[in-house]
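This report refers to the structure that appears directly beneath it.
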Amino acid sequence: MQRRDVLRLSALAGAAGVLTLDPMTFTQADAAGTADGPEQTRTLSGHLPTGAPDFVYVPVEVPRGVREIAVSYSYDKPTVPAGTQGNACDIGIFDERGTELGGRGFRGWSGGARTEFAISAEEATPGYLAGPVKAGTWHVVLGPYTVAPQGLDYKVTVTLRYGAPGTTPEQGAPPGRSPGAYPPQRAKGRGRAWYRGDSHLHTVHSDGKRTPAEVVAAARAAGLDFITTTEHNTISSHTAFEGLWGDDLLILTGEEITTRNGHVVALGTDPGVFIDWRYRARDNRFGQFARKVRQAGGLVIPAHPHGTCVGCNWKFGFNEADAVEVWNADFTPDDEITISEWDNTLVAASRGDGRWLPAVGHSDAHREPQVVGLPQTVVLADDLSRTALQEGIRAGRSWIAESSKIDLTFEAVGGRGKHAGIGERLKVGGAEEVTVRLKVAGVGSGCSMRFITDQGQLYGTPVPDSGELSAEWRTTASYAAYVRAEVRRAPADGGASGIPGPMAAMTNPIWLGER
């Protein structure tokens with residue numbers, strides 16, 4: 001059967017499948033001499049129809065003696081009617097260890113951010129992993145993200161350059177061992193304190209435009225204590241921040257696992273650990289890889305669950321999540337929907353087994369003028385370390401702000417010295433009076449605050465033009481199973497629609513009652 005016939009059958013099977021084409025073969029004896037040594041080039045052209053599999057593998061038979069493998073590709077972008085998806089095709093590569101899901105063969109992914117890349121022992125294009133180019137069957141992988149009605153014509157060119165293999169740079173060491181190129185797992189910090197961080201960021205190692213140094217400079221300018229590097233489907237950035245951390249800034253490693261049915265931030269995974277993304281919700285594989293995130297010491301955080309880009313909507317459910325990103329970049333209607341959905345889960349948790357998903361916010365900044373630290377998650381942690389920050393996030397001891405200019409304290413107190421902060425439970429009887437207090441500063445003029453409970457908003461008041469407010473409200477556990485606080489900017493329509501304005505700051509809930 002010809003490969004084009006296999007493709008037609010594979011398209012009928014649905015987009016969750018894969019297609020492996022005939023291999024590109026190279027013979028070392030055919031290599032032509034160049035100024036830098038012998039090299040060989042092969043080019044493959046083909047056509048993918050709508051309904052093509054998610055991943056198309058191009059086997060490349062790599063002989064011994066290859067110093068570098070270089071790949072370039074292109075595809076057509078025909079004009080399509082309004083409302084119709086055009087062509088978009090991603091690219092990556094797996095080495096001789098194979099393409100098994102969750103296997104060891106991953107060597108890099110650039111999505112649609114690059115048209116070419118190269119890998120050798122000494123270095124690799126950002127998004128790809130340096131290391132020896134060993135003999136065996138490598139696989140260039142194409143990811144036809146969207147395909148126009150007339151199909152997608154592609155061309156892949158592979159060049160093998162021969163010569164001495166070179167030496168792979170030191171890649172660092174596991175946590176707790178000698179440092180190397182990987183970031184350390186803790187910074188000096190301030191002991192038990194509130195630490196500000198942005199854990200969804202992109203650089204030139206995926207589809208971002210900033211270098212790691214530029215991201216770090218922006219993080220320091222934003223007043224952050226920690227950041228997490230989360231490139232799309234690659235871990236090449238884990239060694240790219242060497243020399244950029246310090247006593248004032250902790251850099252955690254992670255990944256944005258970017259599937260066709262939603263994105264998830266793997267926050268604080270062990271350096272050098274790759275988590276696979278090649279599955280859909282209908283494949284029933286997400287639980288397996290969520291566990292791999294946690295086995296690697298990370299948190300599972302669905303990102304922008306109601307995002308409007310293709311493939312951004314979260315379809316995997318929240319049973320495997322440790323927290324949820326409710327606010328992504330500038331506050332928009334999809335964040336409003338996510339917060340409403342998240343609040344509904346709090347209502348269920350207040351009467352169920354007590355398990356609930358804390359809310360976090362991240363900038364997802366890729367390039368100027370997107371602002372690193374807009375928003376940022378402020379975490380109460382015992383120290384400035386990966387473990388302590390993750391414990392704070394997992395427990396919901398956190399709140400979200402649009403910038404470090406905003407400061408906030410939120411607490412609930414009962415009789416006999418009972419006290420609870422954000423993410424905690426105030427254990428009081430149903431009829432016992434509870435006082436809820438909020439202090440906020442730095443929000444500027446035109447804002448208002450409100451307390452949200454399982455019944456909705458039960459208290460609200462304007463923030464003075466000074467941007468500072470001390471608010472107090474009394475309730476009982478029988479009246480409010482939980483209380484959380486929001487500070488909002490004025491709505492663009494002046495409130496005519498009844499829809500609140502953009503968020504300036506928000507907290508996780510304080511729970512009220514014995515259970």
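Lettering and numbering for the structure tokens are positional, with chains as A, B, ... in the shown order, residues counted from 1 in each chain, and ligands counted from 1 in the shown order.
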Distance table requested - range 317-407 of chain A against range 486-507 of chain A, cut-off 10 Å, only C-alpha atoms: one row per qualifying residue with the closest atom pair and its distance in Å to one decimal, ordered by chain and rising residue number, as a Markdown table.
```
| residue | atom | partner | partner_atom | distance |
| --- | --- | --- | --- | --- |
| A:Trp327 | CA | A:Met503 | CA | 8.8 |
| A:Asp330 | CA | A:Pro502 | CA | 8.7 |
| A:Phe331 | CA | A:Pro502 | CA | 5.8 |
| A:Thr332 | CA | A:Pro502 | CA | 7.3 |
| A:Pro333 | CA | A:Pro502 | CA | 8.9 |
| A:Asp335 | CA | A:Met503 | CA | 9.4 |
| A:Glu336 | CA | A:Pro502 | CA | 8.6 |
| A:Pro358 | CA | A:Thr507 | CA | 9.5 |
| A:Ala359 | CA | A:Thr507 | CA | 8.0 |
| A:Val360 | CA | A:Thr507 | CA | 9.1 |
| A:Gly361 | CA | A:Met506 | CA | 9.6 |
| A:Leu374 | CA | A:Ala504 | CA | 9.9 |
| A:Pro375 | CA | A:Ala505 | CA | 8.7 |
| A:Gln376 | CA | A:Ala505 | CA | 9.5 |
| A:Thr377 | CA | A:Thr507 | CA | 9.7 |
| A:Val378 | CA | A:Thr507 | CA | 9.5 |
| A:Gly396 | CA | A:Thr507 | CA | 9.0 |
| A:Arg397 | CA | A:Thr507 | CA | 8.9 |
| A:Ser398 | CA | A:Thr507 | CA | 6.7 |
| A:Trp399 | CA | A:Thr507 | CA | 4.2 |
| A:Ile400 | CA | A:Met506 | CA | 5.3 |
| A:Ala401 | CA | A:Ala505 | CA | 4.3 |
| A:Glu402 | CA | A:Ala504 | CA | 5.4 |
| A:Ser403 | CA | A:Ala504 | CA | 8.3 |
| A:Ile406 | CA | A:Ala505 | CA | 7.8 |
| A:Asp407 | CA | A:Ala505 | CA | 9.0 |
```
Please produce an output containing N, CA and C atoms for each residue in the selection, written as a PDB file, in the first residue's frame.
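Once everything was written out, this is part-v1.pdb:
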```pdb
ATOM      1  N   TRP A 327      -6.848  33.396  36.005  1.00  0.00           N
ATOM      2  CA  TRP A 327      -6.588  34.732  35.458  1.00  0.00           C
ATOM      3  C   TRP A 327      -5.308  34.631  34.666  1.00  0.00           C
ATOM      4  N   ASP A 330      -3.855  39.977  30.644  1.00  0.00           N
ATOM      5  CA  ASP A 330      -4.857  41.022  30.846  1.00  0.00           C
ATOM      6  C   ASP A 330      -6.214  40.383  31.111  1.00  0.00           C
ATOM      7  N   PHE A 331      -6.949  40.945  32.054  1.00  0.00           N
ATOM      8  CA  PHE A 331      -8.223  40.350  32.445  1.00  0.00           C
ATOM      9  C   PHE A 331      -9.250  40.528  31.329  1.00  0.00           C
ATOM     10  N   THR A 332      -9.812  39.406  30.852  1.00  0.00           N
ATOM     11  CA  THR A 332     -10.726  39.398  29.713  1.00  0.00           C
ATOM     12  C   THR A 332     -11.945  38.537  30.033  1.00  0.00           C
ATOM     13  N   PRO A 333     -12.958  38.528  29.168  1.00  0.00           N
ATOM     14  CA  PRO A 333     -14.168  37.746  29.455  1.00  0.00           C
ATOM     15  C   PRO A 333     -13.918  36.261  29.703  1.00  0.00           C
ATOM     16  N   ASP A 335     -11.470  34.992  31.316  1.00  0.00           N
ATOM     17  CA  ASP A 335     -11.102  34.885  32.731  1.00  0.00           C
ATOM     18  C   ASP A 335     -12.339  34.991  33.616  1.00  0.00           C
ATOM     19  N   GLU A 336     -13.261  35.868  33.251  1.00  0.00           N
ATOM     20  CA  GLU A 336     -14.507  36.010  34.011  1.00  0.00           C
ATOM     21  C   GLU A 336     -15.269  34.692  34.044  1.00  0.00           C
ATOM     22  N   PRO A 358      -7.334  25.466  44.429  1.00  0.00           N
ATOM     23  CA  PRO A 358      -6.942  26.862  44.604  1.00  0.00           C
ATOM     24  C   PRO A 358      -6.813  27.564  43.254  1.00  0.00           C
ATOM     25  N   ALA A 359      -7.014  28.860  43.275  1.00  0.00           N
ATOM     26  CA  ALA A 359      -6.885  29.695  42.082  1.00  0.00           C
ATOM     27  C   ALA A 359      -5.505  30.338  42.043  1.00  0.00           C
ATOM     28  N   VAL A 360      -4.925  30.410  40.841  1.00  0.00           N
ATOM     29  CA  VAL A 360      -3.676  31.132  40.629  1.00  0.00           C
ATOM     30  C   VAL A 360      -3.837  32.006  39.392  1.00  0.00           C
ATOM     31  N   GLY A 361      -2.915  32.948  39.238  1.00  0.00           N
ATOM     32  CA  GLY A 361      -2.915  33.818  38.074  1.00  0.00           C
ATOM     33  C   GLY A 361      -1.502  34.000  37.544  1.00  0.00           C
ATOM     34  N   LEU A 374       1.874  40.329  35.239  1.00  0.00           N
ATOM     35  CA  LEU A 374       0.485  40.775  35.104  1.00  0.00           C
ATOM     36  C   LEU A 374      -0.353  39.607  34.601  1.00  0.00           C
ATOM     37  N   PRO A 375      -1.032  38.886  35.520  1.00  0.00           N
ATOM     38  CA  PRO A 375      -1.001  39.055  36.974  1.00  0.00           C
ATOM     39  C   PRO A 375       0.106  38.218  37.605  1.00  0.00           C
ATOM     40  N   GLN A 376       0.140  38.253  38.946  1.00  0.00           N
ATOM     41  CA  GLN A 376       1.109  37.483  39.721  1.00  0.00           C
ATOM     42  C   GLN A 376       0.396  36.819  40.885  1.00  0.00           C
ATOM     43  N   THR A 377       0.899  35.665  41.266  1.00  0.00           N
ATOM     44  CA  THR A 377       0.340  34.943  42.408  1.00  0.00           C
ATOM     45  C   THR A 377       1.224  35.209  43.625  1.00  0.00           C
ATOM     46  N   VAL A 378       0.588  35.600  44.728  1.00  0.00           N
ATOM     47  CA  VAL A 378       1.294  35.937  45.961  1.00  0.00           C
ATOM     48  C   VAL A 378       1.052  34.790  46.945  1.00  0.00           C
ATOM     49  N   GLY A 396      -3.734  26.611  48.859  1.00  0.00           N
ATOM     50  CA  GLY A 396      -4.566  27.784  48.599  1.00  0.00           C
ATOM     51  C   GLY A 396      -4.199  28.991  49.431  1.00  0.00           C
ATOM     52  N   ARG A 397      -2.993  28.997  50.012  1.00  0.00           N
ATOM     53  CA  ARG A 397      -2.546  30.147  50.781  1.00  0.00           C
ATOM     54  C   ARG A 397      -1.967  31.178  49.816  1.00  0.00           C
ATOM     55  N   SER A 398      -2.832  31.732  48.989  1.00  0.00           N
ATOM     56  CA  SER A 398      -2.355  32.638  47.952  1.00  0.00           C
ATOM     57  C   SER A 398      -3.468  33.563  47.482  1.00  0.00           C
ATOM     58  N   TRP A 399      -3.046  34.673  46.892  1.00  0.00           N
ATOM     59  CA  TRP A 399      -3.974  35.602  46.258  1.00  0.00           C
ATOM     60  C   TRP A 399      -3.327  36.118  44.991  1.00  0.00           C
ATOM     61  N   ILE A 400      -4.086  36.796  44.162  1.00  0.00           N
ATOM     62  CA  ILE A 400      -3.629  37.204  42.834  1.00  0.00           C
ATOM     63  C   ILE A 400      -3.738  38.716  42.713  1.00  0.00           C
ATOM     64  N   ALA A 401      -2.726  39.345  42.148  1.00  0.00           N
ATOM     65  CA  ALA A 401      -2.723  40.796  41.955  1.00  0.00           C
ATOM     66  C   ALA A 401      -2.258  41.125  40.553  1.00  0.00           C
ATOM     67  N   GLU A 402      -2.693  42.292  40.069  1.00  0.00           N
ATOM     68  CA  GLU A 402      -2.266  42.693  38.735  1.00  0.00           C
ATOM     69  C   GLU A 402      -0.845  43.250  38.731  1.00  0.00           C
ATOM     70  N   SER A 403      -0.311  43.631  39.894  1.00  0.00           N
ATOM     71  CA  SER A 403       1.065  44.113  39.975  1.00  0.00           C
ATOM     72  C   SER A 403       1.533  44.102  41.420  1.00  0.00           C
ATOM     73  N   ILE A 406       0.180  46.452  44.432  1.00  0.00           N
ATOM     74  CA  ILE A 406      -0.992  46.134  45.246  1.00  0.00           C
ATOM     75  C   ILE A 406      -0.577  45.252  46.420  1.00  0.00           C
ATOM     76  N   ASP A 407      -1.020  45.640  47.603  1.00  0.00           N
ATOM     77  CA  ASP A 407      -0.822  44.828  48.792  1.00  0.00           C
ATOM     78  C   ASP A 407      -2.185  44.539  49.404  1.00  0.00           C
TER      79      ASP A 407
END
```
Could you list, as a list in words, every residue within 10 Å of Thr25 in chain A, counting only C-alpha atoms and ignoring same-chain residues fewer than 5 positions away? Arg42, Pro59, Val60, Glu61, Val62, Pro63 and Thr137 of chain A
Keeping C-alpha atoms, export the residues of the selection given above as an mmCIF file, in the first residue's frame.
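Written file, selection.cif:
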```cif
data_model
loop_
_atom_site.group_PDB
_atom_site.id
_atom_site.type_symbol
_atom_site.label_atom_id
_atom_site.label_comp_id
_atom_site.auth_asym_id
_atom_site.auth_seq_id
_atom_site.Cartn_x
_atom_site.Cartn_y
_atom_site.Cartn_z
ATOM 1 C CA ARG A 42 17.420 15.072 1.340
ATOM 2 C CA PRO A 59 11.769 8.596 9.650
ATOM 3 C CA VAL A 60 15.370 9.638 8.979
ATOM 4 C CA GLU A 61 17.976 6.877 8.771
ATOM 5 C CA VAL A 62 21.062 8.459 10.352
ATOM 6 C CA PRO A 63 24.355 6.627 9.662
ATOM 7 C CA THR A 137 16.229 5.971 12.972
#
```
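Interatomic distance, CA of Val483 in chain A against CA of Lys439 in chain A: 14.6 Å.
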Strand (DSSP E or B) per DSSP on the backbone: members of range 37-205 of chain A, as a PyMOL selection string: chain A and resi 39-48+55-62+66-75+88-94+106-111+116-120+124+128+136-146+152-162+186+193-201
Mind pulling up the distance from CA of Ile337 in chain A to CA of Gly354 in chain A? 23.1 Å
Name the closest residue to Leu249 in chain A among the candidates A:Asp153, A:Arg386, A:His263, A:Gly311; distances are taken between atoms, counting only C-alpha atoms. A:Arg386
